[in-house]
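**Q** My questions all concern the structure below.
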Amino acid sequence: MSTVKNPPESRRRMVSPNFITEIIDADLEAGRYEKVVTRFPPEPNGYAHLGHAIASYINFGIAHDYGGVCRLRFDDTNPETEKQEYVDSIIEDMRWLGWEWDETSFASDYFEQLYEMALRLIKMGKAYVDSVSPEEMARLRGSVDKPGTPSPYRERSVEENLELFERMRAGEFPNGAHVLRAKIDLASPNMKLRDPVLYRIVHAEHYRTGRKWCIYPSYDFAQATSDALDGVTHSLCSLEFVDNRAIYDWLMDHLWGHPPLDKTPRPHQYEFGRRSLEYTVVSKRKLKKLVAGGYVRGWDDPRMPTLAGQRRRGVTPEAIRSFASQVGISRTNRTVDIGLLEHAIRDDLNHRAPRVMAVIRPLKVVLENLPEGYEQTLHLAYWPHDVVQESPDGLVALPGGRRVRPEEATRPVPLTRELYIEQDDFAVDPPPGFKRLTPGGTVRLRGAGVIRCDRFITNETGEVAELRCTLLDEGANGGARAAKGVIHWVSASRALAAEFRLYDRLFTVPHPEAEAKEQEDEETEDRDFLSFVNPRSLEVAHGYVEPSVVGDPADTRYQFERSGYFWRDPVDSRPEALVFNRIVTLKDTWGTGDPQAGRAGPVRRKEAEERKTPEARRREGHRLSGGAGPVHREVPELTAEQRNRLERLKSEGVGEAEALVLAREPRLEAYLDEAAKHGEVGALASWVVNDLGPAIREEQVRVAPAQLAALIRLLQQGSINTRIAKDVLAEAQQSGEDPVAIVERKGLRQLSDAGALEALVEQVLAANPDKVAAYRAGKVGLMGFFVGQVMRETQGQANPQLLRELLGRKLTG
């Protein structure tokens, strides 16, 4: 039986009552099923992400609530995109979340049985081999307003269909020569029922079955039949498959009850609303863009919404499950405030993370009234009073998990003559309300007493480099009573040096995909989506942590007082070179309102800037991260010469982000200058920075500047589009071949045949009647969706301007 590790009491539901549980309750009461069986069926073409976590929670949670079974089955029917690597990662992620299942299954386990069921449909006269082209098939399907027309091959005899289908399996035909279609209803208002494809020819090696098969079932055929073979009772999926349910039911009407589906319960499909998350993307294609472009450091980068990334960041599976439980199930799609996820993480860590001190941006303090070599060991509590009071058994945990009485939960902290405090905890010219250290002012060091700043020392650039202070007698005048603030600190001689990776939200806008779709030029969709990457999503700082952490288990999560929740990076951290990842900040710094209630507002960067001290704002210039390149790193302030180059590039039409990178990197600028001899600087700059930048920096570029300029001229002339240019440039960099020669050799000129494009447009519109209706009702932002669908059909070769004109006429005509 599928369970959760350390599950709650058997009577406590994981999934709150909803319309699906009402259906299950009715089914069980009526005796339709003896046991509830659900399934979680990911396709192994990428890493699991937070959307998968929510879907798996629904499927495994409902099975758990009813004492049933949830099966993990991989939908591996597309050999061109699937890998064992993705299977292994998804299994690891599901185990990490706490799900357990009897046996992992695969759609590919059932290929022989699925083939036999396809033969049964042919013999029943319910399926036929069609031999028209994809374009002709789309045309014959009709449109929202016009019924379909039968294919000339629709009435092939059963014998001919069986022979052709067997020859398809034997590998006698090339890709696209034939498909197997269900014979349903060409006049159905549900376009999905107009003779959907059940099998197609794909000559590619499958990661599990090798070259054994060259025909593969469609999603619709494989899902319904595999569910039945697995004994699934309630097949739960997201709302975009609502129209596909008719195919699911049709297949069960004709196949269930016959071998091999004569001893299994009949499954039924139910759809729930999909959940998107603000400030992130979960499209596998876009996640691959982030990884391939160097915007993140891999699939497990802690900024990624992948479960591997969240795990490396330090988020616990309990926090993810808590988040998924709060999201809930409904019949409508909705976007979830990311504040809800962050609240679940903080709530989980508040009772799991002991409090210690770390100084992330150190400023040295010398307590001049203490002698050289002075050291006193203080014993400070791991847990604040509120956490202690909430403990049900009166005990609290030490790092490593052992529970003790609160008075025993302390750690030794050395107090020495020289300390480090945070730079932002001192201000020469403090803003109103500043309650930390100032010249002549006092502040309390956490657990160590009150200090007074007597003087400060600056370095050659005028920045404060050191404070000379006095540790005051707690009972003396001007001592404890005068200190209005409390700050954290570490010993300068005993603290451990550490790198702190301060992770933040990956995007600067709540809906980066929607923002990208609103751009006028659909061909810049990917670039626009990437343009919303937050340049401050990772800031690296070097500071110190108190030495008490040295013997703690590596997976200990901490609250570094006043800084956030952290843990050791499981990949890069070593005992001699500590690296801590920030899991989440202590508070939501992006919005106002209650995150738990889902009302966090937009970015409040201006307010954050206003709260900074003058020193903090001045130092910010020395900690700017990123610029415009895909790799974000700390960079110094521009020199006068670099500022001149920046202004010159901007005056020549180069965007500010690209100009900033070029001004700092002479090697990239030199390449651009050479390419500009053959083309326009403004048109070339983005390609130099974003597409060839890494190779130029490493002196491994294989595309000459003149060759790049020639390729971009083709783009400007309309002979190719952006997607073709990007693909060709990547191939040229790999092979060393002239990119223009690749265009000619492969015949990659832009598709501008109005007749051919019109047929594809009609095919896309016919396949998406709900979106057509929504567009005509006023949702004109769907234009980007339609363009993207046709672009996918033409491998990106359609002329975007002509395509938009055709779509405009069809959608409004």
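Starting from 1 in every chain, residues are counted up; chains themselves are A, B, ... following the order of the structure tokens, and ligands are numbered from 1 as listed.
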For region 213-217 of chain A, find every residue with an atom within 12 Å (counting only C-alpha atoms), except residues of its own chain fewer than 5 positions away, and show them as a PyMOL selection string.
**A** chain A and resi 75-80+107-108+110-118+165-182+196-208+222-226
**Q** For the selection just defined, write its residues with N, CA and C atoms to a file, as a compact mmCIF listing (two decimals), in the first residue's frame.
**A**
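Contents of out-v8.txt, as written:
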```
# COMPACT_ATOMS: atom_id res chain seq x y z
N ASP A 75 5.32 7.64 -18.07
CA ASP A 75 4.69 7.74 -19.39
C ASP A 75 5.81 7.89 -20.42
N ASP A 76 6.47 6.80 -20.74
CA ASP A 76 7.66 6.86 -21.61
C ASP A 76 7.35 6.38 -23.02
N THR A 77 6.55 7.16 -23.75
CA THR A 77 6.14 6.78 -25.10
C THR A 77 6.76 7.69 -26.16
N ASN A 78 7.72 8.53 -25.77
CA ASN A 78 8.38 9.43 -26.73
C ASN A 78 9.88 9.21 -26.65
N PRO A 79 10.44 8.32 -27.48
CA PRO A 79 11.86 7.96 -27.35
C PRO A 79 12.82 9.10 -27.66
N GLU A 80 12.34 10.15 -28.30
CA GLU A 80 13.24 11.22 -28.73
C GLU A 80 13.61 12.19 -27.59
N ALA A 107 5.05 2.73 -19.02
CA ALA A 107 4.19 2.46 -20.17
C ALA A 107 4.89 1.49 -21.13
N SER A 108 6.22 1.62 -21.22
CA SER A 108 6.97 0.74 -22.12
C SER A 108 6.91 -0.72 -21.68
N TYR A 110 4.28 -2.18 -21.16
CA TYR A 110 3.03 -2.68 -21.72
C TYR A 110 2.96 -2.56 -23.24
N PHE A 111 4.08 -2.25 -23.89
CA PHE A 111 4.03 -2.01 -25.34
C PHE A 111 3.39 -3.17 -26.10
N GLU A 112 3.72 -4.38 -25.74
CA GLU A 112 3.18 -5.53 -26.46
C GLU A 112 1.66 -5.62 -26.24
N GLN A 113 1.21 -5.42 -25.02
CA GLN A 113 -0.22 -5.48 -24.73
C GLN A 113 -0.97 -4.32 -25.39
N LEU A 114 -0.34 -3.16 -25.42
CA LEU A 114 -0.98 -2.01 -26.08
C LEU A 114 -1.13 -2.28 -27.58
N TYR A 115 -0.10 -2.90 -28.14
CA TYR A 115 -0.15 -3.24 -29.57
C TYR A 115 -1.30 -4.22 -29.84
N GLU A 116 -1.46 -5.20 -28.95
CA GLU A 116 -2.54 -6.17 -29.13
C GLU A 116 -3.90 -5.48 -29.03
N MET A 117 -4.03 -4.50 -28.14
CA MET A 117 -5.30 -3.79 -28.03
C MET A 117 -5.56 -2.93 -29.26
N ALA A 118 -4.50 -2.38 -29.86
CA ALA A 118 -4.67 -1.64 -31.11
C ALA A 118 -5.17 -2.58 -32.22
N PHE A 165 -0.56 -2.06 -40.49
CA PHE A 165 -0.13 -1.82 -39.11
C PHE A 165 1.00 -2.76 -38.72
N GLU A 166 0.91 -4.01 -39.15
CA GLU A 166 1.99 -4.95 -38.87
C GLU A 166 3.27 -4.56 -39.59
N ARG A 167 3.13 -4.03 -40.81
CA ARG A 167 4.31 -3.57 -41.54
C ARG A 167 4.89 -2.30 -40.91
N MET A 168 4.03 -1.46 -40.34
CA MET A 168 4.52 -0.30 -39.59
C MET A 168 5.40 -0.77 -38.42
N ARG A 169 4.92 -1.78 -37.72
CA ARG A 169 5.70 -2.31 -36.60
C ARG A 169 7.01 -2.92 -37.10
N ALA A 170 6.98 -3.55 -38.25
CA ALA A 170 8.18 -4.20 -38.78
C ALA A 170 9.23 -3.20 -39.27
N GLY A 171 8.87 -1.93 -39.31
CA GLY A 171 9.86 -0.92 -39.69
C GLY A 171 9.99 -0.69 -41.18
N GLU A 172 8.96 -1.02 -41.94
CA GLU A 172 9.05 -0.89 -43.40
C GLU A 172 8.85 0.54 -43.90
N PHE A 173 8.32 1.43 -43.02
CA PHE A 173 7.96 2.77 -43.48
C PHE A 173 8.74 3.84 -42.70
N PRO A 174 8.99 4.97 -43.36
CA PRO A 174 9.69 6.06 -42.67
C PRO A 174 8.74 6.83 -41.73
N ASN A 175 9.33 7.67 -40.92
CA ASN A 175 8.53 8.52 -40.03
C ASN A 175 7.51 9.32 -40.83
N GLY A 176 6.29 9.36 -40.33
CA GLY A 176 5.26 10.18 -40.95
C GLY A 176 4.54 9.54 -42.12
N ALA A 177 4.98 8.36 -42.56
CA ALA A 177 4.33 7.74 -43.72
C ALA A 177 2.90 7.32 -43.40
N HIS A 178 2.67 6.79 -42.21
CA HIS A 178 1.35 6.32 -41.81
C HIS A 178 1.15 6.60 -40.33
N VAL A 179 -0.10 6.64 -39.92
CA VAL A 179 -0.47 6.65 -38.50
C VAL A 179 -1.68 5.74 -38.34
N LEU A 180 -1.88 5.27 -37.12
CA LEU A 180 -3.11 4.54 -36.81
C LEU A 180 -4.04 5.51 -36.12
N ARG A 181 -5.27 5.64 -36.64
CA ARG A 181 -6.25 6.56 -36.08
C ARG A 181 -7.47 5.81 -35.58
N ALA A 182 -8.07 6.32 -34.51
CA ALA A 182 -9.35 5.80 -34.06
C ALA A 182 -10.44 6.31 -35.00
N PRO A 196 -8.76 10.66 -33.56
CA PRO A 196 -7.43 10.96 -33.01
C PRO A 196 -6.41 9.90 -33.37
N VAL A 197 -5.16 10.30 -33.39
CA VAL A 197 -4.05 9.38 -33.68
C VAL A 197 -3.81 8.50 -32.47
N LEU A 198 -3.68 7.19 -32.72
CA LEU A 198 -3.39 6.23 -31.66
C LEU A 198 -1.93 5.77 -31.69
N TYR A 199 -1.36 5.66 -32.87
CA TYR A 199 0.04 5.21 -33.03
C TYR A 199 0.70 6.02 -34.13
N ARG A 200 1.99 6.31 -33.95
CA ARG A 200 2.76 6.97 -35.01
C ARG A 200 4.11 6.27 -35.14
N ILE A 201 4.75 6.47 -36.28
CA ILE A 201 6.05 5.86 -36.55
C ILE A 201 7.14 6.80 -36.05
N VAL A 202 8.03 6.26 -35.23
CA VAL A 202 9.17 7.03 -34.73
C VAL A 202 10.39 6.11 -34.74
N HIS A 203 11.29 6.31 -35.68
CA HIS A 203 12.52 5.53 -35.75
C HIS A 203 13.56 6.20 -34.84
N ALA A 204 13.57 5.81 -33.59
CA ALA A 204 14.51 6.36 -32.62
C ALA A 204 14.73 5.32 -31.54
N GLU A 205 15.89 5.37 -30.92
CA GLU A 205 16.21 4.40 -29.88
C GLU A 205 15.56 4.79 -28.57
N HIS A 206 14.81 3.86 -28.01
CA HIS A 206 14.15 4.08 -26.72
C HIS A 206 15.13 3.73 -25.60
N TYR A 207 15.13 4.53 -24.53
CA TYR A 207 16.12 4.33 -23.47
C TYR A 207 15.95 3.00 -22.74
N ARG A 208 14.76 2.37 -22.85
CA ARG A 208 14.55 1.07 -22.19
C ARG A 208 14.43 -0.07 -23.18
N ALA A 222 -2.06 5.47 -24.62
CA ALA A 222 -1.25 4.84 -23.58
C ALA A 222 -1.81 5.09 -22.19
N GLN A 223 -2.30 6.30 -21.92
CA GLN A 223 -2.78 6.61 -20.57
C GLN A 223 -3.98 5.75 -20.20
N ALA A 224 -4.97 5.72 -21.05
CA ALA A 224 -6.19 4.97 -20.72
C ALA A 224 -5.90 3.48 -20.56
N THR A 225 -5.19 2.90 -21.52
CA THR A 225 -4.94 1.46 -21.48
C THR A 225 -3.99 1.08 -20.34
N SER A 226 -2.96 1.90 -20.08
CA SER A 226 -2.04 1.59 -18.98
C SER A 226 -2.74 1.73 -17.64
```
**Q** Considering only C-alpha atoms, state which residue in the set A:Thr416, A:Thr458, A:Asn534, A:Thr81 is at the smallest distance from Ser491 (chain A).
**A**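 For Ser491 (chain A), the nearest of the candidates is A:Thr416.
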**Q** Give me, as number ranges by chain, all polymer residues having an atom no more than 7 Å from Phe323 (chain A), counting only C-alpha atoms and skipping those fewer than 3 positions away in the same chain.
**A** A: 319-320, 326-327, 340-341, 344
**Q** If DSSP is run on the backbone, what residues of region 78-269 of chain A are strand (DSSP E)? A reply as JSON, numbers by chain would be ideal.
**A** {"A": [105, 106, 127, 128, 129, 130, 179, 180, 181, 182, 197, 198, 199, 200, 201, 215, 216, 217, 234, 235, 236, 237, 238, 268, 269]}
**Q** Convert the current residue selection to file output with C-alpha atoms, as an mmCIF file, in the first residue's frame.
**A**
```cif
data_model
loop_
_atom_site.group_PDB
_atom_site.id
_atom_site.type_symbol
_atom_site.label_atom_id
_atom_site.label_comp_id
_atom_site.auth_asym_id
_atom_site.auth_seq_id
_atom_site.Cartn_x
_atom_site.Cartn_y
_atom_site.Cartn_z
ATOM 1 C CA SER A 105 6.091 0.623 -13.737
ATOM 2 C CA PHE A 106 6.494 2.056 -17.212
ATOM 3 C CA ALA A 127 -9.309 2.000 -36.067
ATOM 4 C CA TYR A 128 -7.644 2.445 -39.438
ATOM 5 C CA VAL A 129 -4.240 3.229 -40.923
ATOM 6 C CA ASP A 130 -4.198 6.695 -42.468
ATOM 7 C CA VAL A 179 -0.475 6.647 -38.501
ATOM 8 C CA LEU A 180 -3.111 4.544 -36.809
ATOM 9 C CA ARG A 181 -6.252 6.560 -36.082
ATOM 10 C CA ALA A 182 -9.353 5.800 -34.057
ATOM 11 C CA VAL A 197 -4.048 9.379 -33.684
ATOM 12 C CA LEU A 198 -3.389 6.227 -31.655
ATOM 13 C CA TYR A 199 0.036 5.215 -33.027
ATOM 14 C CA ARG A 200 2.756 6.974 -35.011
ATOM 15 C CA ILE A 201 6.048 5.861 -36.552
ATOM 16 C CA ILE A 215 5.839 2.613 -33.570
ATOM 17 C CA TYR A 216 4.755 4.304 -30.356
ATOM 18 C CA PRO A 217 1.326 4.880 -28.803
ATOM 19 C CA HIS A 234 -9.573 7.114 -10.353
ATOM 20 C CA SER A 235 -7.252 8.613 -12.954
ATOM 21 C CA LEU A 236 -6.500 12.162 -11.752
ATOM 22 C CA CYS A 237 -4.972 14.725 -14.105
ATOM 23 C CA SER A 238 -4.846 18.464 -14.631
ATOM 24 C CA HIS A 268 -12.412 6.905 -14.984
ATOM 25 C CA GLN A 269 -10.596 10.189 -15.535
#
```
**Q** Tell me, in Å to one decimal, how far CA of Asp569 (chain A) is from CA of Leu502 (chain A).
**A**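 It comes out at 11.8 Å.
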**Q** Give me the residues near region 429-441 of chain A as a VMD selection string, where near means some atom within 8 Å (using only C-alpha atoms) and where sequence neighbours in that chain fewer than 5 positions away do not count.
**A** chain A and resid 452 to 456 484 to 487 613 to 614
**Q** Select, from A:Gly679, A:Glu731, A:Phe786, A:Gln389, the residue with the minimum atom-to-atom distance to Leu708 (chain A), counting only C-alpha atoms.
**A**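 Among the listed residues, the smallest separation from Leu708 (chain A) belongs to A:Gly679.
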